[in-house]
Amino acid sequence: MIKVLFFGAAADRAGTRETELDVRDGATLAEVWTLIVERHADLAPMGDTLAFAVNGEYARGEDTVSPGDEVAVLPPVSGG
Amino acid sequence: MIKVLFFGAAADRAGTRETELDVRDGATLAEVWTLIVERHADLAPMGDTLAFAVNGEYARGEDTVSPGDEVAVLPPVSGG
Amino acid sequence: MFAIVEGAIDVGALVADAQRPDCGAIATFVGTTRVDESGGASVEYLEYEAYRPMADRKLAEIGAEIGARWDVGHVSIVHRLGRVDPGEASVTIVVASPRRGPAFEASRYAIERIKEVVPIWKREVWSDGYVWVG
Amino acid sequence: MFAIVEGAIDVGALVADAQRPDCGAIATFVGTTRVDESGGASVEYLEYEAYRPMADRKLAEIGAEIGARWDVGHVSIVHRLGRVDPGEASVTIVVASPRRGPAFEASRYAIERIKEVVPIWKREVWSDGYVWVG
């Protein structure tokens, strides 16, 4: 299992701020995203704008995740 | 008579912060400077670095002064 | 000091902390909630959220980037979360340097980097709902 | 607010005065007394003098120049005279603008113009005398 966190507009579209996902060890972030969209279809239109973090650091689609990892779904940041 | 004010290093070299000078009506600032240096010879080496104000506004050598004017002798400013 | 806080930011205290005998310049940037009233209806306040502790760590990383790039004696960045009313400070950056050029450049760099990499989001809250910014 | 003062400058109060709902950015510059201790002997403090009221008027003129050139909601410049100890503020510039670009540019412009046109002079005071700067 991995933990998935949603922020900002992504949390609104997911309908939750946090969920758990059963993914195979070594799955890529791109594969994780596919699973997320299967469960939270409203997120699909945001796909191109989103960034991801794994365990608190930015990661890309080809990066892999392991059980226990925390994946964060990050809309374009707007701090400041 | 005009009033002449000295600031910063110019006051040190003049040995005073303020003096009065008898100048003809319509004298140029360049002429006033010549009179000042006659009386305060230690100021001469500063000549090229100095700016002047007449009645609180920057003025140039060809500008003229009238009785009652206040002329200020201004070393390079160093505020901030 | 790099911090994410829930309450008001004390800008004066942050500037006082940056005053050092070996620095001659302190450049400060304060981001505040702006309300554009030209259209009639207007934003009531902004509300910020962050992904922590990643956001805290990113603020400190920006500080380290500044230290590697400019001659600075002090850098602090404080970002506020939650509701921030019009005119109130959402972020404050303070950079002290021996000379003013690096202080100005580094403070500008800090706010640009915050807007690029720090996982913080704001929404505009209106009387009838809200809109995420970004 | 454009002022020349004899005592300490309250930077926090100046920033608070600049906070407005129609501005989203406040850029502040604080000039402080810097002591270079690398050479052993060092400056004890700086001492400032001004040609007044010309200096007061020049500060206000810089404010007017900024208002003509940038979209700003608030500009204040306060310069201190007399003895200013290491780390203490000799000048504080605060500019609020709807957007950060003009705020940064205008605050930088203000300090550069002060150093060009405002009739204020400082001397470095050492244990055994002083040296005029400039």
# chains A, B, ... in the order shown; residues from 1 in each chain; ligands from 1
$ closest_atom_pairs --of "stretch 9-127 of chain C" --to "stretch 10-23 of chain A" --cutoff "12 Å" --atoms "only C-alpha atoms" --output "JSON lines"
{"residue": "C:Glu49", "atom": "CA", "partner": "A:Ala11", "partner_atom": "CA", "distance": 11.4}
{"residue": "C:Tyr51", "atom": "CA", "partner": "A:Arg17", "partner_atom": "CA", "distance": 11.0}
{"residue": "C:Trp121", "atom": "CA", "partner": "A:Ala10", "partner_atom": "CA", "distance": 10.8}
{"residue": "C:Arg123", "atom": "CA", "partner": "A:Asp12", "partner_atom": "CA", "distance": 11.8}
$ calpha_fit_and_write --fixed "chain B" --moving "chain A" --output "compact mmCIF listing (two decimals) with N, CA, C and O atoms, in the first residue's frame"
# COMPACT_ATOMS: atom_id res chain seq x y z
N MET A 1 24.77 91.11 0.89
CA MET A 1 25.36 89.97 1.59
C MET A 1 24.62 88.69 1.23
O MET A 1 23.40 88.69 1.08
N ILE A 2 25.37 87.60 1.10
CA ILE A 2 24.75 86.28 0.98
C ILE A 2 25.27 85.43 2.14
O ILE A 2 26.32 85.71 2.72
N LYS A 3 24.47 84.42 2.45
CA LYS A 3 24.89 83.47 3.48
C LYS A 3 25.52 82.27 2.79
O LYS A 3 25.00 81.79 1.77
N VAL A 4 26.63 81.78 3.30
CA VAL A 4 27.28 80.59 2.72
C VAL A 4 27.34 79.51 3.79
O VAL A 4 27.81 79.75 4.91
N LEU A 5 26.83 78.32 3.45
CA LEU A 5 26.85 77.19 4.38
C LEU A 5 27.83 76.14 3.88
O LEU A 5 27.90 75.87 2.67
N PHE A 6 28.54 75.51 4.80
CA PHE A 6 29.48 74.44 4.45
C PHE A 6 29.05 73.14 5.14
O PHE A 6 28.64 73.17 6.30
N PHE A 7 29.18 72.03 4.41
CA PHE A 7 28.77 70.74 4.98
C PHE A 7 29.90 69.72 4.88
O PHE A 7 30.77 69.82 4.01
N GLY A 8 29.80 68.73 5.76
CA GLY A 8 30.72 67.59 5.70
C GLY A 8 32.17 68.03 5.69
O GLY A 8 32.58 68.91 6.46
N ALA A 9 32.97 67.40 4.81
CA ALA A 9 34.40 67.71 4.75
C ALA A 9 34.64 69.17 4.39
O ALA A 9 35.66 69.75 4.77
N ALA A 10 33.71 69.78 3.67
CA ALA A 10 33.88 71.19 3.31
C ALA A 10 33.82 72.09 4.54
O ALA A 10 34.52 73.11 4.62
N ALA A 11 33.00 71.73 5.52
CA ALA A 11 32.94 72.51 6.76
C ALA A 11 34.27 72.39 7.52
O ALA A 11 34.78 73.37 8.07
N ASP A 12 34.84 71.17 7.53
CA ASP A 12 36.13 71.00 8.19
C ASP A 12 37.19 71.86 7.53
O ASP A 12 37.97 72.54 8.21
N ARG A 13 37.23 71.85 6.20
CA ARG A 13 38.28 72.61 5.51
C ARG A 13 38.05 74.11 5.61
O ARG A 13 39.00 74.89 5.66
N ALA A 14 36.79 74.53 5.64
CA ALA A 14 36.50 75.96 5.78
C ALA A 14 36.76 76.44 7.20
O ALA A 14 36.95 77.62 7.45
N GLY A 15 36.73 75.49 8.13
CA GLY A 15 36.92 75.86 9.54
C GLY A 15 35.66 76.48 10.14
O GLY A 15 35.69 76.99 11.26
N THR A 16 34.56 76.41 9.39
CA THR A 16 33.30 76.96 9.89
C THR A 16 32.16 76.28 9.14
O THR A 16 32.36 75.67 8.09
N ARG A 17 30.96 76.39 9.68
CA ARG A 17 29.80 75.81 9.02
C ARG A 17 29.00 76.89 8.30
O ARG A 17 28.09 76.59 7.53
N GLU A 18 29.32 78.15 8.56
CA GLU A 18 28.49 79.22 8.02
C GLU A 18 29.28 80.52 8.01
O GLU A 18 30.04 80.80 8.92
N THR A 19 29.11 81.29 6.93
CA THR A 19 29.74 82.60 6.88
C THR A 19 28.89 83.52 6.02
O THR A 19 27.92 83.07 5.40
N GLU A 20 29.25 84.81 6.02
CA GLU A 20 28.54 85.74 5.15
C GLU A 20 29.55 86.34 4.18
O GLU A 20 30.74 86.46 4.48
N LEU A 21 29.04 86.66 2.99
CA LEU A 21 29.93 87.13 1.95
C LEU A 21 29.25 88.32 1.26
O LEU A 21 28.05 88.29 1.01
N ASP A 22 30.07 89.33 0.98
CA ASP A 22 29.56 90.51 0.29
C ASP A 22 29.81 90.31 -1.20
O ASP A 22 30.97 90.33 -1.64
N VAL A 23 28.77 90.08 -1.97
CA VAL A 23 28.95 89.88 -3.42
C VAL A 23 28.03 90.84 -4.16
O VAL A 23 26.98 91.23 -3.65
N ARG A 24 28.43 91.20 -5.39
CA ARG A 24 27.60 92.11 -6.17
C ARG A 24 26.34 91.37 -6.61
O ARG A 24 26.33 90.15 -6.82
N ASP A 25 25.25 92.09 -6.75
CA ASP A 25 23.99 91.52 -7.23
C ASP A 25 24.23 90.98 -8.64
O ASP A 25 24.84 91.65 -9.46
N GLY A 26 23.79 89.73 -8.88
CA GLY A 26 23.98 89.14 -10.21
C GLY A 26 25.32 88.45 -10.38
O GLY A 26 25.64 87.98 -11.47
N ALA A 27 26.08 88.36 -9.31
CA ALA A 27 27.34 87.61 -9.40
C ALA A 27 27.03 86.15 -9.72
O ALA A 27 26.01 85.61 -9.28
N THR A 28 27.91 85.50 -10.49
CA THR A 28 27.69 84.08 -10.77
C THR A 28 28.21 83.25 -9.60
O THR A 28 29.03 83.71 -8.79
N LEU A 29 27.74 82.01 -9.56
CA LEU A 29 28.19 81.10 -8.52
C LEU A 29 29.69 80.86 -8.66
O LEU A 29 30.41 80.72 -7.64
N ALA A 30 30.19 80.85 -9.88
CA ALA A 30 31.64 80.68 -10.09
C ALA A 30 32.40 81.83 -9.43
O ALA A 30 33.45 81.62 -8.81
N GLU A 31 31.86 83.04 -9.56
CA GLU A 31 32.52 84.19 -8.91
C GLU A 31 32.44 84.07 -7.38
O GLU A 31 33.40 84.40 -6.68
N VAL A 32 31.32 83.61 -6.91
CA VAL A 32 31.17 83.40 -5.46
C VAL A 32 32.19 82.39 -4.96
O VAL A 32 32.83 82.58 -3.92
N TRP A 33 32.36 81.34 -5.72
CA TRP A 33 33.33 80.30 -5.33
C TRP A 33 34.74 80.89 -5.24
O TRP A 33 35.50 80.59 -4.31
N THR A 34 35.09 81.76 -6.18
CA THR A 34 36.41 82.40 -6.15
C THR A 34 36.58 83.19 -4.85
O THR A 34 37.64 83.12 -4.20
N LEU A 35 35.53 83.92 -4.47
CA LEU A 35 35.59 84.67 -3.22
C LEU A 35 35.71 83.75 -2.01
O LEU A 35 36.44 84.05 -1.05
N ILE A 36 34.98 82.65 -2.06
CA ILE A 36 35.04 81.70 -0.93
C ILE A 36 36.46 81.16 -0.77
O ILE A 36 37.00 81.09 0.33
N VAL A 37 37.08 80.79 -1.90
CA VAL A 37 38.41 80.20 -1.82
C VAL A 37 39.45 81.24 -1.37
O VAL A 37 40.42 80.90 -0.68
N GLU A 38 39.22 82.50 -1.73
CA GLU A 38 40.14 83.54 -1.24
C GLU A 38 40.15 83.58 0.28
O GLU A 38 41.18 83.80 0.91
N ARG A 39 38.97 83.37 0.86
CA ARG A 39 38.88 83.46 2.31
C ARG A 39 39.18 82.13 3.01
O ARG A 39 39.61 82.11 4.16
N HIS A 40 38.91 81.00 2.30
CA HIS A 40 39.11 79.67 2.90
C HIS A 40 39.95 78.84 1.94
O HIS A 40 39.44 77.97 1.22
N ALA A 41 41.25 79.11 1.93
CA ALA A 41 42.13 78.51 0.90
C ALA A 41 42.15 76.98 0.95
O ALA A 41 42.32 76.32 -0.07
N ASP A 42 41.93 76.43 2.14
CA ASP A 42 41.98 74.96 2.26
C ASP A 42 40.88 74.27 1.45
O ASP A 42 40.93 73.06 1.23
N LEU A 43 39.88 75.05 1.05
CA LEU A 43 38.80 74.45 0.26
C LEU A 43 39.20 74.22 -1.20
O LEU A 43 38.59 73.40 -1.89
N ALA A 44 40.22 74.92 -1.65
CA ALA A 44 40.57 74.90 -3.08
C ALA A 44 40.72 73.47 -3.65
O ALA A 44 40.16 73.17 -4.71
N PRO A 45 41.43 72.57 -2.95
CA PRO A 45 41.62 71.23 -3.54
C PRO A 45 40.30 70.46 -3.72
O PRO A 45 40.23 69.51 -4.50
N MET A 46 39.24 70.83 -3.03
CA MET A 46 37.95 70.12 -3.15
C MET A 46 37.14 70.61 -4.35
O MET A 46 36.11 70.02 -4.68
N GLY A 47 37.59 71.69 -4.95
CA GLY A 47 36.78 72.39 -5.94
C GLY A 47 36.09 71.49 -6.96
O GLY A 47 34.88 71.61 -7.19
N ASP A 48 36.85 70.56 -7.54
CA ASP A 48 36.28 69.76 -8.63
C ASP A 48 35.21 68.79 -8.15
O ASP A 48 34.41 68.31 -8.94
N THR A 49 35.22 68.47 -6.85
CA THR A 49 34.27 67.46 -6.36
C THR A 49 32.99 68.08 -5.81
O THR A 49 32.03 67.35 -5.56
N LEU A 50 33.00 69.40 -5.66
CA LEU A 50 31.88 70.03 -4.94
C LEU A 50 30.66 70.29 -5.83
O LEU A 50 30.79 70.53 -7.03
N ALA A 51 29.51 70.26 -5.21
CA ALA A 51 28.28 70.77 -5.84
C ALA A 51 27.83 71.99 -5.03
O ALA A 51 28.31 72.22 -3.91
N PHE A 52 26.92 72.75 -5.62
CA PHE A 52 26.43 73.95 -4.94
C PHE A 52 24.92 73.98 -4.99
O PHE A 52 24.30 73.46 -5.93
N ALA A 53 24.36 74.59 -3.97
CA ALA A 53 22.92 74.86 -3.99
C ALA A 53 22.71 76.34 -3.71
O ALA A 53 23.46 76.95 -2.94
N VAL A 54 21.72 76.89 -4.36
CA VAL A 54 21.29 78.26 -4.05
C VAL A 54 19.86 78.19 -3.56
O VAL A 54 18.98 77.64 -4.24
N ASN A 55 19.65 78.67 -2.36
CA ASN A 55 18.32 78.62 -1.73
C ASN A 55 17.71 77.22 -1.76
O ASN A 55 16.54 77.02 -2.05
N GLY A 56 18.57 76.23 -1.51
CA GLY A 56 18.07 74.87 -1.35
C GLY A 56 17.83 74.10 -2.61
O GLY A 56 17.21 73.03 -2.59
N GLU A 57 18.35 74.61 -3.75
CA GLU A 57 18.24 73.82 -4.99
C GLU A 57 19.59 73.81 -5.69
O GLU A 57 20.29 74.82 -5.68
N TYR A 58 19.92 72.65 -6.29
CA TYR A 58 21.21 72.56 -6.98
C TYR A 58 21.33 73.66 -8.02
O TYR A 58 20.37 74.01 -8.71
N ALA A 59 22.53 74.22 -8.13
CA ALA A 59 22.78 75.30 -9.09
C ALA A 59 24.17 75.09 -9.69
O ALA A 59 25.00 74.35 -9.13
N ARG A 60 24.39 75.73 -10.85
CA ARG A 60 25.68 75.56 -11.55
C ARG A 60 26.47 76.87 -11.55
O ARG A 60 25.94 77.93 -11.19
N GLY A 61 27.71 76.79 -11.98
CA GLY A 61 28.63 77.92 -11.92
C GLY A 61 28.12 79.16 -12.61
O GLY A 61 28.40 80.28 -12.18
N GLU A 62 27.36 78.99 -13.69
CA GLU A 62 26.88 80.16 -14.43
C GLU A 62 25.62 80.76 -13.81
O GLU A 62 25.20 81.86 -14.23
N ASP A 63 25.02 80.06 -12.86
CA ASP A 63 23.82 80.62 -12.20
C ASP A 63 24.22 81.81 -11.33
O ASP A 63 25.34 81.88 -10.81
N THR A 64 23.30 82.76 -11.19
CA THR A 64 23.62 83.99 -10.45
C THR A 64 22.97 84.00 -9.07
O THR A 64 22.01 83.26 -8.82
N VAL A 65 23.54 84.83 -8.21
CA VAL A 65 23.00 84.97 -6.85
C VAL A 65 22.64 86.43 -6.61
O VAL A 65 23.16 87.33 -7.26
N SER A 66 21.75 86.61 -5.65
CA SER A 66 21.30 87.96 -5.28
C SER A 66 21.47 88.12 -3.77
O SER A 66 21.51 87.13 -3.03
N PRO A 67 21.54 89.37 -3.31
CA PRO A 67 21.65 89.61 -1.87
C PRO A 67 20.54 88.86 -1.13
O PRO A 67 19.39 88.83 -1.57
N GLY A 68 20.90 88.28 0.00
CA GLY A 68 19.93 87.53 0.80
C GLY A 68 19.87 86.05 0.45
O GLY A 68 19.26 85.27 1.18
N ASP A 69 20.50 85.67 -0.68
CA ASP A 69 20.48 84.25 -1.05
C ASP A 69 21.31 83.41 -0.08
O ASP A 69 22.23 83.92 0.58
N GLU A 70 20.94 82.14 -0.03
CA GLU A 70 21.71 81.18 0.77
C GLU A 70 22.43 80.24 -0.19
O GLU A 70 21.79 79.53 -0.96
N VAL A 71 23.74 80.24 -0.15
CA VAL A 71 24.55 79.35 -1.00
C VAL A 71 25.09 78.23 -0.12
O VAL A 71 25.64 78.50 0.96
N ALA A 72 24.93 76.98 -0.57
CA ALA A 72 25.45 75.85 0.20
C ALA A 72 26.56 75.17 -0.59
O ALA A 72 26.41 74.94 -1.79
N VAL A 73 27.64 74.85 0.09
CA VAL A 73 28.79 74.17 -0.50
C VAL A 73 28.72 72.70 -0.11
O VAL A 73 28.82 72.36 1.08
N LEU A 74 28.52 71.84 -1.11
CA LEU A 74 28.13 70.46 -0.85
C LEU A 74 29.17 69.47 -1.37
O LEU A 74 29.31 69.28 -2.58
N PRO A 75 29.88 68.78 -0.50
CA PRO A 75 30.75 67.68 -0.94
C PRO A 75 29.88 66.56 -1.53
O PRO A 75 28.66 66.59 -1.38
N PRO A 76 30.53 65.59 -2.20
CA PRO A 76 29.76 64.46 -2.72
C PRO A 76 28.89 63.86 -1.61
O PRO A 76 29.41 63.56 -0.53
N VAL A 77 27.62 63.68 -1.88
CA VAL A 77 26.72 63.21 -0.82
C VAL A 77 27.02 61.74 -0.50
O VAL A 77 27.49 60.99 -1.36
N SER A 78 26.75 61.35 0.73
CA SER A 78 27.03 59.97 1.14
C SER A 78 25.97 59.47 2.11
O SER A 78 26.27 58.74 3.05
N GLY A 79 24.72 59.85 1.86
CA GLY A 79 23.63 59.33 2.68
C GLY A 79 23.34 57.87 2.34
O GLY A 79 23.97 57.29 1.48
N GLY A 80 22.35 57.34 3.05
CA GLY A 80 21.94 55.96 2.77
C GLY A 80 22.46 55.02 3.82
O GLY A 80 23.29 55.39 4.64
$ closest_atom_pairs --of "chain C" --to "chain B" --cutoff "12 Å" --atoms "only C-alpha atoms" --output "Markdown table"
| residue | atom | partner | partner_atom | distance |
| --- | --- | --- | --- | --- |
| C:Gly24 | CA | B:Gly80 | CA | 9.7 |
| C:Ala25 | CA | B:Gly80 | CA | 9.7 |
| C:Arg99 | CA | B:Gly80 | CA | 11.7 |
| C:Arg100 | CA | B:Gly80 | CA | 10.5 |
$ residues_around --residues "stretch 85-97 of chain C" --least-positions-apart "3" --cutoff "7 Å" --atoms "only C-alpha atoms" --output "PyMOL selection string"
(chain A and resi 80) or (chain C and resi 9+11+14-15+18+23-35+45-46+71-80+100+102-103+106-107) or (chain D and resi 19-21)
$ atom_distance --atom1 "atom CA of D:Gly134" --atom2 "atom CA of D:Ile120"
10.5 Å
$ atom_distance --atom1 "atom CA of C:Gly67" --atom2 "atom CA of D:Ala13"
28.7 Å
$ decode --residues "stretch 23-62 of chain B" --atoms "N, CA and C atoms" --output "PDB file, in the first residue's frame"
ATOM      1  N   VAL B  23      28.774  90.075  -1.981  1.00  0.00           N
ATOM      2  CA  VAL B  23      28.945  89.888  -3.426  1.00  0.00           C
ATOM      3  C   VAL B  23      28.016  90.836  -4.163  1.00  0.00           C
ATOM      4  N   ARG B  24      28.419  91.178  -5.384  1.00  0.00           N
ATOM      5  CA  ARG B  24      27.575  92.094  -6.164  1.00  0.00           C
ATOM      6  C   ARG B  24      26.319  91.347  -6.610  1.00  0.00           C
ATOM      7  N   ASP B  25      25.232  92.086  -6.732  1.00  0.00           N
ATOM      8  CA  ASP B  25      23.986  91.506  -7.223  1.00  0.00           C
ATOM      9  C   ASP B  25      24.216  90.957  -8.631  1.00  0.00           C
ATOM     10  N   GLY B  26      23.798  89.730  -8.876  1.00  0.00           N
ATOM     11  CA  GLY B  26      23.979  89.135 -10.203  1.00  0.00           C
ATOM     12  C   GLY B  26      25.310  88.448 -10.380  1.00  0.00           C
ATOM     13  N   ALA B  27      26.096  88.338  -9.331  1.00  0.00           N
ATOM     14  CA  ALA B  27      27.357  87.597  -9.429  1.00  0.00           C
ATOM     15  C   ALA B  27      27.051  86.133  -9.739  1.00  0.00           C
ATOM     16  N   THR B  28      27.920  85.499 -10.514  1.00  0.00           N
ATOM     17  CA  THR B  28      27.707  84.076 -10.789  1.00  0.00           C
ATOM     18  C   THR B  28      28.221  83.250  -9.604  1.00  0.00           C
ATOM     19  N   LEU B  29      27.741  82.029  -9.592  1.00  0.00           N
ATOM     20  CA  LEU B  29      28.182  81.117  -8.547  1.00  0.00           C
ATOM     21  C   LEU B  29      29.693  80.873  -8.668  1.00  0.00           C
ATOM     22  N   ALA B  30      30.200  80.858  -9.899  1.00  0.00           N
ATOM     23  CA  ALA B  30      31.637  80.681 -10.105  1.00  0.00           C
ATOM     24  C   ALA B  30      32.414  81.830  -9.448  1.00  0.00           C
ATOM     25  N   GLU B  31      31.879  83.024  -9.564  1.00  0.00           N
ATOM     26  CA  GLU B  31      32.529  84.174  -8.924  1.00  0.00           C
ATOM     27  C   GLU B  31      32.455  84.066  -7.394  1.00  0.00           C
ATOM     28  N   VAL B  32      31.323  83.598  -6.901  1.00  0.00           N
ATOM     29  CA  VAL B  32      31.167  83.415  -5.455  1.00  0.00           C
ATOM     30  C   VAL B  32      32.204  82.403  -4.954  1.00  0.00           C
ATOM     31  N   TRP B  33      32.372  81.333  -5.724  1.00  0.00           N
ATOM     32  CA  TRP B  33      33.332  80.297  -5.337  1.00  0.00           C
ATOM     33  C   TRP B  33      34.744  80.878  -5.247  1.00  0.00           C
ATOM     34  N   THR B  34      35.097  81.745  -6.189  1.00  0.00           N
ATOM     35  CA  THR B  34      36.418  82.387  -6.157  1.00  0.00           C
ATOM     36  C   THR B  34      36.592  83.200  -4.868  1.00  0.00           C
ATOM     37  N   LEU B  35      35.529  83.910  -4.482  1.00  0.00           N
ATOM     38  CA  LEU B  35      35.590  84.691  -3.237  1.00  0.00           C
ATOM     39  C   LEU B  35      35.721  83.771  -2.014  1.00  0.00           C
ATOM     40  N   ILE B  36      34.990  82.641  -2.066  1.00  0.00           N
ATOM     41  CA  ILE B  36      35.041  81.711  -0.935  1.00  0.00           C
ATOM     42  C   ILE B  36      36.457  81.170  -0.768  1.00  0.00           C
ATOM     43  N   VAL B  37      37.080  80.793  -1.893  1.00  0.00           N
ATOM     44  CA  VAL B  37      38.413  80.199  -1.828  1.00  0.00           C
ATOM     45  C   VAL B  37      39.449  81.230  -1.373  1.00  0.00           C
ATOM     46  N   GLU B  38      39.236  82.502  -1.728  1.00  0.00           N
ATOM     47  CA  GLU B  38      40.143  83.552  -1.249  1.00  0.00           C
ATOM     48  C   GLU B  38      40.175  83.597   0.273  1.00  0.00           C
ATOM     49  N   ARG B  39      38.984  83.362   0.854  1.00  0.00           N
ATOM     50  CA  ARG B  39      38.895  83.462   2.310  1.00  0.00           C
ATOM     51  C   ARG B  39      39.200  82.131   3.010  1.00  0.00           C
ATOM     52  N   HIS B  40      38.934  81.014   2.315  1.00  0.00           N
ATOM     53  CA  HIS B  40      39.123  79.682   2.903  1.00  0.00           C
ATOM     54  C   HIS B  40      39.964  78.848   1.935  1.00  0.00           C
ATOM     55  N   ALA B  41      41.265  79.106   1.910  1.00  0.00           N
ATOM     56  CA  ALA B  41      42.142  78.521   0.894  1.00  0.00           C
ATOM     57  C   ALA B  41      42.176  76.995   0.952  1.00  0.00           C
ATOM     58  N   ASP B  42      41.933  76.415   2.143  1.00  0.00           N
ATOM     59  CA  ASP B  42      41.988  74.954   2.258  1.00  0.00           C
ATOM     60  C   ASP B  42      40.889  74.257   1.452  1.00  0.00           C
ATOM     61  N   LEU B  43      39.886  75.031   1.052  1.00  0.00           N
ATOM     62  CA  LEU B  43      38.808  74.431   0.257  1.00  0.00           C
ATOM     63  C   LEU B  43      39.222  74.192  -1.195  1.00  0.00           C
ATOM     64  N   ALA B  44      40.239  74.892  -1.659  1.00  0.00           N
ATOM     65  CA  ALA B  44      40.587  74.867  -3.086  1.00  0.00           C
ATOM     66  C   ALA B  44      40.732  73.453  -3.654  1.00  0.00           C
ATOM     67  N   PRO B  45      41.427  72.543  -2.952  1.00  0.00           N
ATOM     68  CA  PRO B  45      41.615  71.213  -3.537  1.00  0.00           C
ATOM     69  C   PRO B  45      40.302  70.442  -3.725  1.00  0.00           C
ATOM     70  N   MET B  46      39.251  70.841  -3.011  1.00  0.00           N
ATOM     71  CA  MET B  46      37.972  70.128  -3.131  1.00  0.00           C
ATOM     72  C   MET B  46      37.158  70.616  -4.327  1.00  0.00           C
ATOM     73  N   GLY B  47      37.621  71.689  -4.939  1.00  0.00           N
ATOM     74  CA  GLY B  47      36.797  72.381  -5.932  1.00  0.00           C
ATOM     75  C   GLY B  47      36.118  71.483  -6.945  1.00  0.00           C
ATOM     76  N   ASP B  48      36.864  70.560  -7.526  1.00  0.00           N
ATOM     77  CA  ASP B  48      36.289  69.748  -8.610  1.00  0.00           C
ATOM     78  C   ASP B  48      35.222  68.779  -8.138  1.00  0.00           C
ATOM     79  N   THR B  49      35.244  68.483  -6.858  1.00  0.00           N
ATOM     80  CA  THR B  49      34.302  67.465  -6.355  1.00  0.00           C
ATOM     81  C   THR B  49      33.009  68.087  -5.819  1.00  0.00           C
ATOM     82  N   LEU B  50      32.997  69.399  -5.650  1.00  0.00           N
ATOM     83  CA  LEU B  50      31.877  70.022  -4.936  1.00  0.00           C
ATOM     84  C   LEU B  50      30.681  70.296  -5.826  1.00  0.00           C
ATOM     85  N   ALA B  51      29.511  70.276  -5.219  1.00  0.00           N
ATOM     86  CA  ALA B  51      28.287  70.784  -5.851  1.00  0.00           C
ATOM     87  C   ALA B  51      27.840  71.995  -5.038  1.00  0.00           C
ATOM     88  N   PHE B  52      26.933  72.759  -5.611  1.00  0.00           N
ATOM     89  CA  PHE B  52      26.433  73.955  -4.943  1.00  0.00           C
ATOM     90  C   PHE B  52      24.919  73.986  -4.996  1.00  0.00           C
ATOM     91  N   ALA B  53      24.358  74.594  -3.963  1.00  0.00           N
ATOM     92  CA  ALA B  53      22.914  74.853  -3.986  1.00  0.00           C
ATOM     93  C   ALA B  53      22.702  76.333  -3.708  1.00  0.00           C
ATOM     94  N   VAL B  54      21.700  76.904  -4.350  1.00  0.00           N
ATOM     95  CA  VAL B  54      21.273  78.266  -4.043  1.00  0.00           C
ATOM     96  C   VAL B  54      19.834  78.184  -3.549  1.00  0.00           C
ATOM     97  N   ASN B  55      19.638  78.661  -2.331  1.00  0.00           N
ATOM     98  CA  ASN B  55      18.312  78.621  -1.712  1.00  0.00           C
ATOM     99  C   ASN B  55      17.718  77.207  -1.748  1.00  0.00           C
ATOM    100  N   GLY B  56      18.569  76.224  -1.501  1.00  0.00           N
ATOM    101  CA  GLY B  56      18.057  74.867  -1.326  1.00  0.00           C
ATOM    102  C   GLY B  56      17.834  74.092  -2.605  1.00  0.00           C
ATOM    103  N   GLU B  57      18.331  74.604  -3.749  1.00  0.00           N
ATOM    104  CA  GLU B  57      18.206  73.825  -4.983  1.00  0.00           C
ATOM    105  C   GLU B  57      19.558  73.822  -5.684  1.00  0.00           C
ATOM    106  N   TYR B  58      19.905  72.662  -6.273  1.00  0.00           N
ATOM    107  CA  TYR B  58      21.194  72.558  -6.958  1.00  0.00           C
ATOM    108  C   TYR B  58      21.336  73.653  -8.012  1.00  0.00           C
ATOM    109  N   ALA B  59      22.537  74.229  -8.116  1.00  0.00           N
ATOM    110  CA  ALA B  59      22.789  75.320  -9.073  1.00  0.00           C
ATOM    111  C   ALA B  59      24.170  75.106  -9.675  1.00  0.00           C
ATOM    112  N   ARG B  60      24.395  75.738 -10.831  1.00  0.00           N
ATOM    113  CA  ARG B  60      25.672  75.567 -11.531  1.00  0.00           C
ATOM    114  C   ARG B  60      26.461  76.871 -11.553  1.00  0.00           C
ATOM    115  N   GLY B  61      27.702  76.777 -11.993  1.00  0.00           N
ATOM    116  CA  GLY B  61      28.617  77.919 -11.932  1.00  0.00           C
ATOM    117  C   GLY B  61      28.120  79.169 -12.620  1.00  0.00           C
ATOM    118  N   GLU B  62      27.360  78.995 -13.693  1.00  0.00           N
ATOM    119  CA  GLU B  62      26.880  80.172 -14.439  1.00  0.00           C
ATOM    120  C   GLU B  62      25.621  80.787 -13.828  1.00  0.00           C
TER     121      GLU B  62
END
